[in-house]
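Source file: work_22.csv. Holds: CSV, C-alpha atoms and all ligand atoms.
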```csv
chain,number,residue,atom,x,y,z
P,144,MET,CA,111.4,-26.6,-29.4
P,145,PRO,CA,111.8,-24.2,-32.4
P,146,ALA,CA,109.4,-21.3,-32.5
P,147,LEU,CA,106.5,-21.3,-35.1
P,148,SER,CA,106.8,-19.0,-38.0
P,149,VAL,CA,104.1,-16.3,-38.5
P,150,GLU,CA,102.4,-18.5,-41.1
P,151,GLU,CA,102.6,-21.6,-38.9
P,152,GLU,CA,101.1,-19.6,-36.0
P,153,ARG,CA,98.2,-18.6,-38.2
P,154,HIS,CA,97.7,-22.1,-39.5
P,155,SER,CA,97.8,-23.5,-36.0
P,156,ARG,CA,95.3,-21.0,-34.7
P,157,ALA,CA,92.9,-21.8,-37.5
P,158,LEU,CA,93.0,-25.5,-36.7
P,159,LEU,CA,92.5,-24.8,-33.0
P,160,GLU,CA,89.4,-22.8,-33.8
P,161,PHE,CA,88.1,-25.6,-36.0
P,162,LEU,CA,88.8,-28.2,-33.3
P,163,ALA,CA,87.2,-26.0,-30.6
P,164,ALA,CA,84.0,-25.7,-32.7
P,165,ARG,CA,83.9,-29.5,-33.1
P,166,ILE,CA,84.5,-30.1,-29.4
P,167,ARG,CA,81.7,-27.7,-28.5
P,168,ALA,CA,79.4,-29.3,-31.0
P,169,ALA,CA,80.1,-32.7,-29.5
P,170,GLY,CA,79.1,-31.5,-26.0
P,171,GLY,CA,82.6,-30.6,-24.6
P,172,GLN,CA,84.9,-33.5,-25.6
P,173,ILE,CA,85.9,-35.7,-28.5
P,174,SER,CA,88.0,-38.8,-28.5
P,175,PHE,CA,91.7,-38.6,-29.1
P,176,GLU,CA,91.1,-40.6,-32.3
P,177,GLN,CA,88.7,-37.9,-33.6
P,178,PHE,CA,91.2,-35.2,-32.5
P,179,MET,CA,94.0,-37.0,-34.4
P,180,GLU,CA,91.9,-37.5,-37.5
P,181,ILE,CA,91.3,-33.7,-37.6
P,182,ALA,CA,94.8,-32.6,-36.6
P,183,LEU,CA,96.4,-34.8,-39.3
P,184,TYR,CA,93.8,-35.0,-42.1
P,185,ALA,CA,91.1,-32.2,-41.9
P,186,PRO,CA,90.9,-30.8,-45.5
P,187,GLY,CA,93.2,-27.8,-45.8
P,188,LEU,CA,94.1,-27.7,-42.1
P,189,GLY,CA,95.4,-31.1,-41.0
P,190,TYR,CA,99.1,-31.8,-41.0
P,191,TYR,CA,99.0,-34.2,-44.0
P,192,SER,CA,96.5,-32.0,-45.9
P,193,ALA,CA,98.3,-28.7,-45.7
P,194,GLY,CA,101.6,-27.5,-47.3
P,195,SER,CA,104.5,-28.0,-44.8
P,196,ALA,CA,107.6,-29.9,-45.9
P,197,LYS,CA,106.9,-32.7,-43.3
P,198,ILE,CA,109.3,-35.5,-44.5
P,199,GLY,CA,113.0,-35.1,-45.1
P,200,ALA,CA,115.9,-33.1,-43.7
P,201,ASP,CA,114.0,-29.8,-44.2
P,202,GLY,CA,110.8,-31.2,-42.7
P,203,ASP,CA,109.8,-32.6,-39.3
P,204,PHE,CA,111.1,-36.2,-39.4
P,205,VAL,CA,113.0,-38.5,-41.7
P,206,THR,CA,112.0,-42.0,-42.6
P,207,ALA,CA,114.1,-45.0,-43.7
P,208,PRO,CA,113.8,-44.3,-47.5
P,209,GLU,CA,114.8,-40.7,-46.8
P,210,ILE,CA,117.8,-41.7,-44.8
P,211,SER,CA,119.2,-43.9,-47.5
P,212,ASP,CA,118.4,-45.4,-50.9
P,213,LEU,CA,119.9,-48.6,-49.5
P,214,PHE,CA,116.6,-49.2,-47.8
P,215,SER,CA,114.5,-49.0,-51.0
P,216,ARG,CA,117.1,-51.0,-53.0
P,217,CYS,CA,116.9,-53.9,-50.5
P,218,LEU,CA,113.1,-53.7,-50.6
P,219,ALA,CA,113.1,-53.7,-54.4
P,220,ARG,CA,115.0,-57.0,-54.3
P,221,GLN,CA,112.2,-58.5,-52.2
P,222,CYS,CA,109.6,-57.0,-54.5
P,223,ALA,CA,111.4,-58.5,-57.5
P,224,ASP,CA,110.9,-62.0,-56.1
P,225,VAL,CA,107.2,-61.5,-55.4
P,226,LEU,CA,106.6,-59.9,-58.8
P,227,ALA,CA,108.4,-62.9,-60.5
P,228,GLN,CA,106.2,-65.4,-58.5
P,229,THR,CA,102.9,-63.5,-59.1
P,230,ARG,CA,103.4,-61.7,-62.4
P,231,GLY,CA,101.6,-58.9,-60.7
P,232,ASP,CA,102.3,-55.2,-60.0
P,233,VAL,CA,103.1,-52.9,-57.1
P,234,LEU,CA,100.8,-50.8,-54.9
P,235,GLU,CA,102.4,-48.4,-52.5
P,236,LEU,CA,100.3,-46.9,-49.7
P,237,GLY,CA,101.3,-43.4,-48.3
P,238,ALA,CA,104.3,-42.8,-50.6
P,239,GLY,CA,105.6,-39.7,-48.8
P,240,THR,CA,108.0,-37.7,-51.0
P,241,GLY,CA,108.0,-40.5,-53.7
P,242,ARG,CA,111.7,-41.2,-53.2
P,243,MET,CA,111.1,-44.9,-52.2
P,244,ALA,CA,108.9,-45.4,-55.3
P,245,ALA,CA,111.6,-43.9,-57.5
P,246,VAL,CA,114.4,-46.0,-56.2
P,247,ILE,CA,112.4,-49.2,-56.2
P,248,LEU,CA,111.4,-48.6,-59.8
P,249,GLU,CA,115.0,-47.8,-60.8
P,250,THR,CA,116.2,-51.0,-59.1
P,251,LEU,CA,113.5,-53.2,-60.6
P,252,ALA,CA,114.5,-51.8,-64.0
P,253,GLU,CA,118.1,-52.8,-63.3
P,254,LEU,CA,116.9,-56.3,-62.2
P,255,GLY,CA,114.7,-56.6,-65.4
P,256,ARG,CA,111.6,-56.9,-63.2
P,257,LEU,CA,109.7,-53.7,-63.9
P,258,PRO,CA,106.0,-54.2,-63.3
P,259,ASP,CA,103.4,-52.9,-65.8
P,260,ARG,CA,102.0,-50.7,-63.1
P,261,TYR,CA,103.3,-49.0,-59.9
P,262,ALA,CA,100.2,-47.6,-58.2
P,263,ILE,CA,100.3,-45.1,-55.3
P,264,LEU,CA,97.4,-44.5,-52.9
P,265,GLU,CA,98.1,-41.2,-51.1
P,266,VAL,CA,95.6,-39.4,-48.8
P,267,SER,CA,97.7,-36.2,-48.8
P,268,ALA,CA,97.1,-34.1,-51.9
P,269,ASP,CA,100.1,-32.1,-51.0
P,270,LEU,CA,102.4,-35.2,-50.8
P,271,ALA,CA,100.9,-36.6,-54.0
P,272,GLU,CA,101.9,-33.5,-55.8
P,273,ARG,CA,105.5,-33.9,-54.4
P,274,GLN,CA,105.5,-37.5,-55.6
P,275,ARG,CA,104.5,-36.5,-59.1
P,276,GLY,CA,107.4,-34.0,-59.2
P,277,ARG,CA,109.9,-36.6,-57.9
P,278,LEU,CA,108.7,-39.4,-60.3
P,279,ALA,CA,108.6,-37.1,-63.3
P,280,ALA,CA,112.4,-37.3,-63.3
P,281,LEU,CA,112.3,-41.1,-64.1
P,282,PRO,CA,112.9,-42.2,-67.7
P,283,ALA,CA,109.7,-42.1,-69.7
P,284,GLY,CA,109.5,-45.9,-70.0
P,285,VAL,CA,109.5,-46.2,-66.2
P,286,ARG,CA,107.5,-43.1,-65.1
P,287,GLU,CA,104.6,-44.0,-67.4
P,288,ARG,CA,104.0,-47.1,-65.3
P,289,VAL,CA,103.2,-45.0,-62.2
P,290,VAL,CA,99.5,-44.2,-61.5
P,291,TRP,CA,97.9,-42.5,-58.6
P,292,LEU,CA,94.7,-43.9,-57.1
P,293,ASP,CA,92.1,-42.1,-55.1
P,294,ARG,CA,90.9,-45.3,-53.5
P,295,LEU,CA,92.0,-49.0,-53.1
P,296,PRO,CA,91.5,-51.0,-56.3
P,297,GLU,CA,88.0,-52.4,-56.7
P,298,HIS,CA,89.1,-55.7,-58.2
P,299,PRO,CA,91.7,-57.8,-56.4
P,300,ARG,CA,95.1,-57.7,-58.0
P,301,ARG,CA,98.3,-59.8,-57.9
P,302,GLY,CA,101.7,-58.6,-56.7
P,303,VAL,CA,103.1,-56.7,-53.8
P,304,ILE,CA,101.6,-54.0,-51.6
P,305,LEU,CA,104.0,-51.7,-49.6
P,306,ALA,CA,103.4,-49.4,-46.7
P,307,ASN,CA,106.3,-47.7,-44.8
P,308,GLU,CA,105.3,-45.8,-41.7
P,309,VAL,CA,101.6,-45.7,-42.6
P,310,LEU,CA,100.2,-47.8,-39.8
P,311,ASP,CA,101.6,-45.4,-37.2
P,312,ALA,CA,99.7,-42.6,-38.9
P,313,LEU,CA,96.3,-44.2,-38.4
P,314,PRO,CA,94.3,-42.2,-35.7
P,315,PHE,CA,94.2,-44.1,-32.4
P,316,HIS,CA,92.5,-43.8,-29.0
P,317,ARG,CA,94.3,-43.0,-25.8
P,318,ILE,CA,93.4,-44.7,-22.5
P,319,VAL,CA,94.4,-44.6,-18.8
P,320,ILE,CA,94.2,-47.3,-16.1
P,321,ARG,CA,92.4,-46.1,-12.9
P,322,ASP,CA,91.7,-48.5,-10.0
P,323,GLY,CA,92.2,-51.5,-12.4
P,324,ARG,CA,89.7,-50.1,-14.9
P,325,MET,CA,90.2,-48.5,-18.2
P,326,LEU,CA,89.1,-44.8,-18.9
P,327,GLU,CA,89.3,-43.1,-22.2
P,328,LEU,CA,91.6,-40.0,-22.5
P,329,GLY,CA,89.8,-37.6,-24.8
P,330,VAL,CA,90.2,-34.0,-25.7
P,331,GLY,CA,88.3,-31.0,-24.2
P,332,LEU,CA,88.6,-27.3,-24.0
P,333,GLU,CA,90.1,-25.1,-21.3
P,334,GLY,CA,88.4,-21.7,-21.8
P,335,ASP,CA,88.1,-20.9,-25.4
P,336,ALA,CA,91.6,-21.2,-26.5
P,337,ALA,CA,93.4,-24.3,-25.2
P,338,LEU,CA,93.0,-28.0,-25.5
P,339,ILE,CA,93.1,-30.2,-22.5
P,340,GLU,CA,93.0,-33.9,-21.8
P,341,ARG,CA,89.7,-35.3,-20.5
P,342,GLU,CA,89.2,-38.6,-18.7
P,343,TYR,CA,85.8,-40.3,-19.1
P,344,PRO,CA,84.3,-43.8,-19.2
P,345,PRO,CA,84.9,-45.5,-22.5
P,346,SER,CA,82.3,-46.6,-25.1
P,347,ASP,CA,81.3,-50.2,-25.2
P,348,PHE,CA,83.2,-50.5,-28.5
P,349,LEU,CA,86.4,-49.4,-26.8
P,350,VAL,CA,85.9,-51.6,-23.8
P,351,ARG,CA,85.6,-54.6,-26.1
P,352,ALA,CA,88.7,-53.6,-28.1
P,353,TRP,CA,90.6,-53.2,-24.8
P,354,ASP,CA,89.4,-56.5,-23.4
P,355,VAL,CA,90.9,-58.4,-26.3
P,356,VAL,CA,94.3,-56.8,-25.4
P,357,ALA,CA,94.1,-56.9,-21.6
P,358,ARG,CA,93.2,-60.5,-21.2
P,359,GLU,CA,96.4,-61.6,-23.0
P,360,LEU,CA,98.8,-59.4,-21.0
P,361,PRO,CA,101.0,-61.4,-18.7
P,362,MET,CA,101.1,-58.7,-16.0
P,363,THR,CA,98.6,-56.2,-14.6
P,364,LEU,CA,99.2,-52.6,-15.5
P,365,PRO,CA,99.9,-50.0,-12.8
P,366,ASP,CA,97.5,-47.3,-11.8
P,367,GLY,CA,97.9,-44.2,-14.0
P,368,TYR,CA,99.3,-46.2,-16.9
P,369,ARG,CA,98.6,-44.5,-20.2
P,370,THR,CA,98.7,-46.1,-23.6
P,371,GLU,CA,97.2,-46.2,-27.0
P,372,LEU,CA,94.8,-48.5,-28.8
P,373,CYS,CA,94.2,-48.5,-32.5
P,374,PRO,CA,91.0,-50.3,-33.5
P,375,ARG,CA,91.3,-48.9,-37.0
P,376,THR,CA,94.0,-51.3,-37.7
P,377,GLY,CA,91.5,-54.1,-38.3
P,378,PRO,CA,89.3,-52.4,-40.9
P,379,TRP,CA,92.4,-51.0,-42.6
P,380,ILE,CA,94.1,-54.4,-43.0
P,381,ALA,CA,90.7,-55.9,-44.1
P,382,SER,CA,90.3,-53.3,-46.8
P,383,ILE,CA,93.8,-54.0,-48.2
P,384,ALA,CA,93.2,-57.7,-48.0
P,385,ASP,CA,90.1,-57.3,-50.1
P,386,CYS,CA,92.2,-56.0,-53.0
P,387,LEU,CA,94.9,-58.7,-52.9
P,388,GLU,CA,94.2,-61.7,-55.0
P,389,ARG,CA,97.6,-63.2,-54.7
P,390,GLY,CA,100.8,-61.8,-53.3
P,391,VAL,CA,102.4,-60.1,-50.3
P,392,LEU,CA,101.7,-57.0,-48.2
P,393,LEU,CA,104.8,-55.7,-46.5
P,394,LEU,CA,104.3,-53.3,-43.6
P,395,PHE,CA,107.2,-51.5,-42.1
P,396,ASP,CA,106.9,-49.4,-38.9
P,397,TYR,CA,108.2,-48.9,-35.4
P,398,GLY,CA,106.4,-51.2,-33.2
P,399,LEU,CA,106.4,-54.2,-30.9
P,400,PRO,CA,104.6,-57.4,-30.2
P,401,ARG,CA,101.7,-56.8,-27.8
P,402,SER,CA,103.3,-58.1,-24.6
P,403,HIS,CA,106.1,-55.6,-25.1
P,404,PHE,CA,103.9,-52.7,-26.4
P,405,TYR,CA,101.7,-52.9,-23.3
P,406,HIS,CA,104.6,-53.6,-20.9
P,407,PRO,CA,103.9,-52.3,-17.3
P,408,GLN,CA,107.1,-50.2,-17.4
P,409,ARG,CA,105.9,-48.3,-20.5
P,410,VAL,CA,103.8,-46.1,-18.2
P,411,GLU,CA,103.4,-43.1,-20.6
P,412,GLY,CA,102.6,-45.2,-23.7
P,413,THR,CA,104.3,-44.6,-27.1
P,414,LEU,CA,102.7,-41.4,-28.4
P,415,LEU,CA,105.2,-39.2,-30.2
P,416,CYS,CA,105.0,-35.9,-32.0
P,417,HIS,CA,107.5,-34.7,-34.6
P,418,PHE,CA,108.2,-31.0,-35.2
P,419,LYS,CA,111.3,-29.8,-37.1
P,420,GLN,CA,113.3,-32.9,-36.3
P,421,ARG,CA,112.4,-32.7,-32.5
P,422,ALA,CA,110.4,-35.6,-31.0
P,423,HIS,CA,108.2,-34.7,-28.0
P,424,CYS,CA,105.0,-35.9,-26.3
P,425,ASP,CA,102.6,-32.9,-26.5
P,426,PRO,CA,100.0,-33.4,-29.2
P,427,PHE,CA,98.2,-30.1,-28.2
P,428,VAL,CA,100.9,-27.8,-29.4
P,429,ASN,CA,102.0,-26.9,-33.0
P,430,LEU,CA,98.5,-28.0,-34.2
P,431,GLY,CA,98.5,-28.8,-37.9
P,432,VAL,CA,102.2,-28.3,-38.3
P,433,GLN,CA,103.5,-31.4,-36.4
P,434,ASP,CA,103.1,-35.1,-36.9
P,435,ILE,CA,101.4,-37.2,-34.3
P,436,THR,CA,102.1,-41.0,-34.1
P,437,ALA,CA,102.3,-44.0,-31.9
P,438,TRP,CA,104.1,-47.3,-32.1
P,439,VAL,CA,102.3,-50.2,-33.7
P,440,ASP,CA,101.0,-53.2,-31.8
P,441,PHE,CA,102.1,-55.9,-34.4
P,442,THR,CA,100.1,-58.6,-32.6
P,443,ARG,CA,97.0,-56.6,-33.5
P,444,VAL,CA,98.2,-56.4,-37.1
P,445,ALA,CA,98.7,-60.2,-37.2
P,446,GLU,CA,95.3,-60.8,-35.7
P,447,ALA,CA,93.6,-58.4,-38.2
P,448,ALA,CA,95.4,-60.2,-41.0
P,449,ILE,CA,94.2,-63.6,-39.9
P,450,ASP,CA,90.6,-62.3,-39.6
P,451,ALA,CA,91.0,-61.0,-43.1
P,452,ASN,CA,92.1,-64.5,-44.4
P,453,LEU,CA,95.7,-63.4,-44.9
P,454,GLU,CA,98.6,-65.5,-43.7
P,455,VAL,CA,101.4,-64.0,-41.6
P,456,LEU,CA,104.4,-65.0,-43.7
P,457,GLY,CA,107.1,-63.2,-41.7
P,458,PHE,CA,108.0,-60.8,-38.9
P,459,ALA,CA,111.5,-59.4,-38.6
P,460,THR,CA,113.5,-56.4,-37.5
P,461,GLN,CA,114.4,-53.9,-40.1
P,462,ALA,CA,118.0,-54.8,-39.6
P,463,ALA,CA,117.4,-58.5,-40.2
P,464,PHE,CA,115.3,-57.8,-43.3
P,465,LEU,CA,117.9,-55.5,-44.8
P,466,LEU,CA,120.8,-57.9,-44.1
P,467,ALA,CA,118.9,-60.8,-45.7
P,468,ASN,CA,118.3,-58.6,-48.7
P,469,GLY,CA,121.9,-57.8,-49.2
P,470,ILE,CA,122.5,-54.4,-47.7
P,471,GLU,CA,126.1,-55.2,-46.9
P,472,GLN,CA,126.8,-56.1,-50.5
P,473,LEU,CA,125.0,-53.0,-51.7
P,474,ALA,CA,126.9,-50.7,-49.3
P,475,GLY,CA,130.2,-52.4,-50.1
P,476,ALA,CA,129.8,-51.8,-53.8
P,477,ALA,CA,130.7,-48.1,-53.4
P,478,THR,CA,133.0,-46.9,-56.1
P,479,ASN,CA,135.1,-44.4,-54.0
P,480,ASP,CA,136.0,-43.7,-50.4
P,481,VAL,CA,133.6,-40.8,-50.0
P,482,GLU,CA,130.7,-42.9,-51.1
P,483,ARG,CA,131.9,-45.8,-49.0
P,484,VAL,CA,131.9,-43.7,-45.9
P,485,ARG,CA,128.5,-42.2,-46.7
P,486,LEU,CA,126.9,-45.6,-47.4
P,487,ALA,CA,128.4,-47.1,-44.3
P,488,GLY,CA,127.0,-44.3,-42.2
P,489,GLU,CA,123.6,-44.6,-43.8
P,490,ALA,CA,123.6,-48.4,-43.3
P,491,ARG,CA,124.4,-47.9,-39.6
P,492,ARG,CA,121.4,-45.6,-39.2
P,493,LEU,CA,119.1,-48.1,-40.8
P,494,MET,CA,120.6,-51.1,-39.0
P,495,MET,CA,122.0,-50.3,-35.5
P,496,PRO,CA,119.8,-51.3,-32.5
P,497,GLY,CA,120.1,-47.8,-31.1
P,498,GLU,CA,118.9,-46.3,-34.3
P,499,MET,CA,116.2,-47.9,-36.6
P,500,GLY,CA,117.5,-51.5,-36.7
P,501,GLU,CA,115.6,-53.0,-33.8
P,502,SER,CA,112.7,-50.6,-33.1
P,503,PHE,CA,111.5,-50.8,-36.7
P,504,LYS,CA,109.9,-54.1,-37.8
P,505,VAL,CA,108.6,-55.5,-41.0
P,506,MET,CA,105.6,-57.8,-41.2
P,507,ALA,CA,104.8,-59.8,-44.4
P,508,LEU,CA,101.2,-60.8,-44.9
P,509,GLY,CA,100.3,-63.0,-47.8
P,510,ARG,CA,97.5,-64.5,-49.8
P,511,ASP,CA,98.0,-67.7,-51.9
P,512,TYR,CA,101.8,-67.2,-51.6
P,513,GLU,CA,104.0,-70.2,-51.0
P,514,ALA,CA,107.5,-69.1,-52.1
P,515,PRO,CA,110.0,-68.2,-49.3
P,516,LEU,CA,110.6,-64.5,-48.8
P,517,SER,CA,114.3,-63.6,-48.8
P,518,GLY,CA,113.9,-60.8,-46.2
P,519,PHE,CA,112.7,-63.1,-43.5
P,520,ALA,CA,115.5,-65.7,-43.4
P,521,VAL,CA,116.1,-64.6,-39.8
P,522,GLN,CA,112.8,-64.1,-38.0
P,523,ASP,CA,110.9,-65.4,-35.1
P,524,LEU,CA,107.1,-65.4,-35.3
P,525,ARG,CA,106.9,-66.5,-31.7
P,526,ARG,CA,108.0,-63.0,-30.8
P,527,LEU,CA,104.5,-61.9,-31.7
P,528,LEU,CA,102.9,-63.7,-28.8
C,1,LIG,C1,104.9,-41.0,-41.9
C,1,LIG,S1,104.5,-40.7,-43.6
C,1,LIG,C2,105.5,-42.0,-44.4
C,1,LIG,C3,105.7,-41.6,-45.8
C,1,LIG,C4,106.6,-42.6,-46.7
C,1,LIG,N1,106.0,-43.9,-46.7
C,1,LIG,C5,108.0,-42.7,-46.1
C,1,LIG,O1,108.4,-43.7,-45.6
C,1,LIG,O2,108.7,-41.7,-46.2
C,1,LIG,C6,102.9,-41.4,-43.6
C,1,LIG,C7,102.3,-41.4,-45.0
C,1,LIG,O3,101.1,-42.2,-45.0
C,1,LIG,C8,100.1,-41.4,-45.7
C,1,LIG,N2,98.8,-41.9,-45.2
C,1,LIG,C9,98.2,-41.7,-44.0
C,1,LIG,N3,97.1,-42.4,-43.8
C,1,LIG,C10,97.0,-43.1,-45.0
C,1,LIG,C11,96.0,-44.1,-45.5
C,1,LIG,N4,94.9,-44.4,-44.8
C,1,LIG,N5,96.2,-44.6,-46.7
C,1,LIG,C12,97.2,-44.2,-47.5
C,1,LIG,N6,98.2,-43.4,-47.1
C,1,LIG,C13,98.0,-42.8,-45.9
C,1,LIG,C14,100.5,-40.0,-45.4
C,1,LIG,O4,99.9,-39.0,-46.3
C,1,LIG,C15,102.0,-40.1,-45.6
C,1,LIG,O5,102.3,-40.1,-47.0
```
The structure in this file should be written as structure tokens.
Amino acid sequence: MPALSVEEERHSRALLEFLAARIRAAGGQISFEQFMEIALYAPGLGYYSAGSAKIGADGDFVTAPEISDLFSRCLARQCADVLAQTRGDVLELGAGTGRMAAVILETLAELGRLPDRYAILEVSADLAERQRGRLAALPAGVRERVVWLDRLPEHPRRGVILANEVLDALPFHRIVIRDGRMLELGVGLEGDAALIEREYPPSDFLVRAWDVVARELPMTLPDGYRTELCPRTGPWIASIADCLERGVLLLFDYGLPRSHFYHPQRVEGTLLCHFKQRAHCDPFVNLGVQDITAWVDFTRVAEAAIDANLEVLGFATQAAFLLANGIEQLAGAATNDVERVRLAGEARRLMMPGEMGESFKVMALGRDYEAPLSGFAVQDLRRLL
């Protein structure tokens, strides 16, 4: 793992002191969900609230819109259909560097489907600043349609809502199976200066959340099995559903249907940390300067959607979605050999099963939306069960 710079060391130590104070104040331990909330979002200290590059080749990880504009151009085609049907606008949640927004807007302009408004809700002040810089380069008639919100719209709107790799950034709980029972894996202190994992009986809330999952699993989980549980998914989806009058919410993330997510062979769960393009499994190092994520249980997302009176309109792999939205045609339209080779390489990274093609999924949730969605021509909703 690359060493921390002097500034990163200082930042990390400050966050450790903050966490230690919170753990002491809580009587010696906090849940992993509380730890993650602080490590990623504590004002001025958390990973998404402080100034590191985070996303992109000079950051800690790359996302599909950073790998290739082909991703956003395909997505724009899907957005164009929904905008035509609803005469609505676009809301993007967690817009990262703003590159996806820029390419979607450029493509919608080419397609003659520019919405009146492209709203961005971003919890990271630091990333919102980066988005403003990126989108300032758009032509005036396009960039003036972009607005930043500090909360979800109060009045339900029509159109399309987008979130790429946002679900995986919601703080989650960690659990372990011992003698057939579930224990919570929280965070405590070793001495004054190190974080350690703590096992303790879960709250009633977490027991209920786990029961919903465990009763559906086809096989029992082995002793010592560790995994994650994200009860925040439900309220998050419900809050977004509240602001959708008519249209489609498209959620992209790495994830699985429940029976695969909680497969008995996945004994260490799906938690992953990202630091300077290295993925590893230790959330207690590089505090405040590394990302912490887990895969998404898409069955939970579908259940949350149904509870929020949304309809599950589609579930597909990223590869199937991009193919159905014309990625081959877009990549093939290169004007010279250098561009052709570059686009072919980018398309491979987005589409190949060993890269992002299979592990990344897209789920479409809708309200009052009847028209077929082009990106879900090849899908299988039964895979959710
Ligand atoms: C992994 S990054 C993905 C960024 C971007 N969508 C991309 O694909 O490059 C996660 C993004 O979600 C934002 N985020 C995290 N929690 C959020 C929430 N509750 N609402 C909106 N954005 C959130 C982060 O600040 C960050 O921009």
To check your reading of the model: which residues sit at most 8 Å from ligand LIG 1 (chain C) when counting only C-alpha atoms and all ligand atoms? Write the answer as a ChimeraX atom specification. /P:191-192,198-199,205-209,236-243,264-268,270-271,306-313,379,434
Considering all atoms listed in the file, can you say which of P:Met499, P:Cys222, P:Leu158, P:Leu387 comes closest to Ala451 of chain P?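 Counting all atoms listed in the file, the residue closest to Ala451 of chain P is P:Leu387.
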Just give me the gap between atom CA of Leu349 of chain P and atom CA of Arg317 of chain P in Å, one decimal is fine. 10.2 Å
Under the rule that all atoms listed in the file are counted, which of P:Ala445, P:Ala182, P:Ile339, P:Val391 is the nearest residue to Asp224 of chain P?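 Answer, going by the shortest atom-to-atom distance: P:Val391.
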Counting all atoms listed in the file, which of P:Leu364, P:Ala244, P:Ala462, P:Val330 gets nearest to Arg492 of chain P?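 Closest to Arg492 of chain P, using all atoms listed in the file: P:Ala462.
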From the set P:Arg301, P:Asn452, P:Trp438, P:Leu360, which residue has the shortest atom-to-atom contact distance to Pro407 of chain P, counting all atoms listed in the file?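 Comparing P:Arg301, P:Asn452, P:Trp438, P:Leu360 against Pro407 of chain P, the winner is P:Leu360.
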Can you work out which one of P:Gly334, P:Gly518, P:Gly431, P:Gly276 has the shortest atom-to-atom distance to Cys416 of chain P, counting only C-alpha atoms?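 Under the stated criterion, the closest residue is P:Gly431.
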Shell around Pro299 of chain P at 7 Å using all atoms listed in the file, local window under 4 positions removed, as a list in words: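 The residues that qualify are Asp385, Cys386, Leu387 and Glu388 of chain P.
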Using Å and a single decimal, report how far atom CA of Val356 of chain P sits from atom CA of Arg401 of chain P. 7.8 Å
Under the rule that all atoms listed in the file are counted, which of P:Val428, P:Ala252, P:Asp366, P:Leu292 is the nearest residue to Glu152 of chain P?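 Among P:Val428, P:Ala252, P:Asp366, P:Leu292, it is P:Val428 that comes nearest to Glu152 of chain P.
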Give as a list in words every residue, naming chains and numbers as the document does, that has an atom within 9 Å of (119.2, -59.8, -45.7), counting only C-alpha atoms. Cys217, Ala462, Ala463, Phe464, Leu465, Leu466, Ala467, Asn468, Gly469, Ile470, Glu471, Ser517, Gly518, Phe519, Ala520 and Val521 of chain P
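The spacing separating atom CA of Ile173 of chain P from atom CA of Pro426 of chain P amounts to 14.3 Å.
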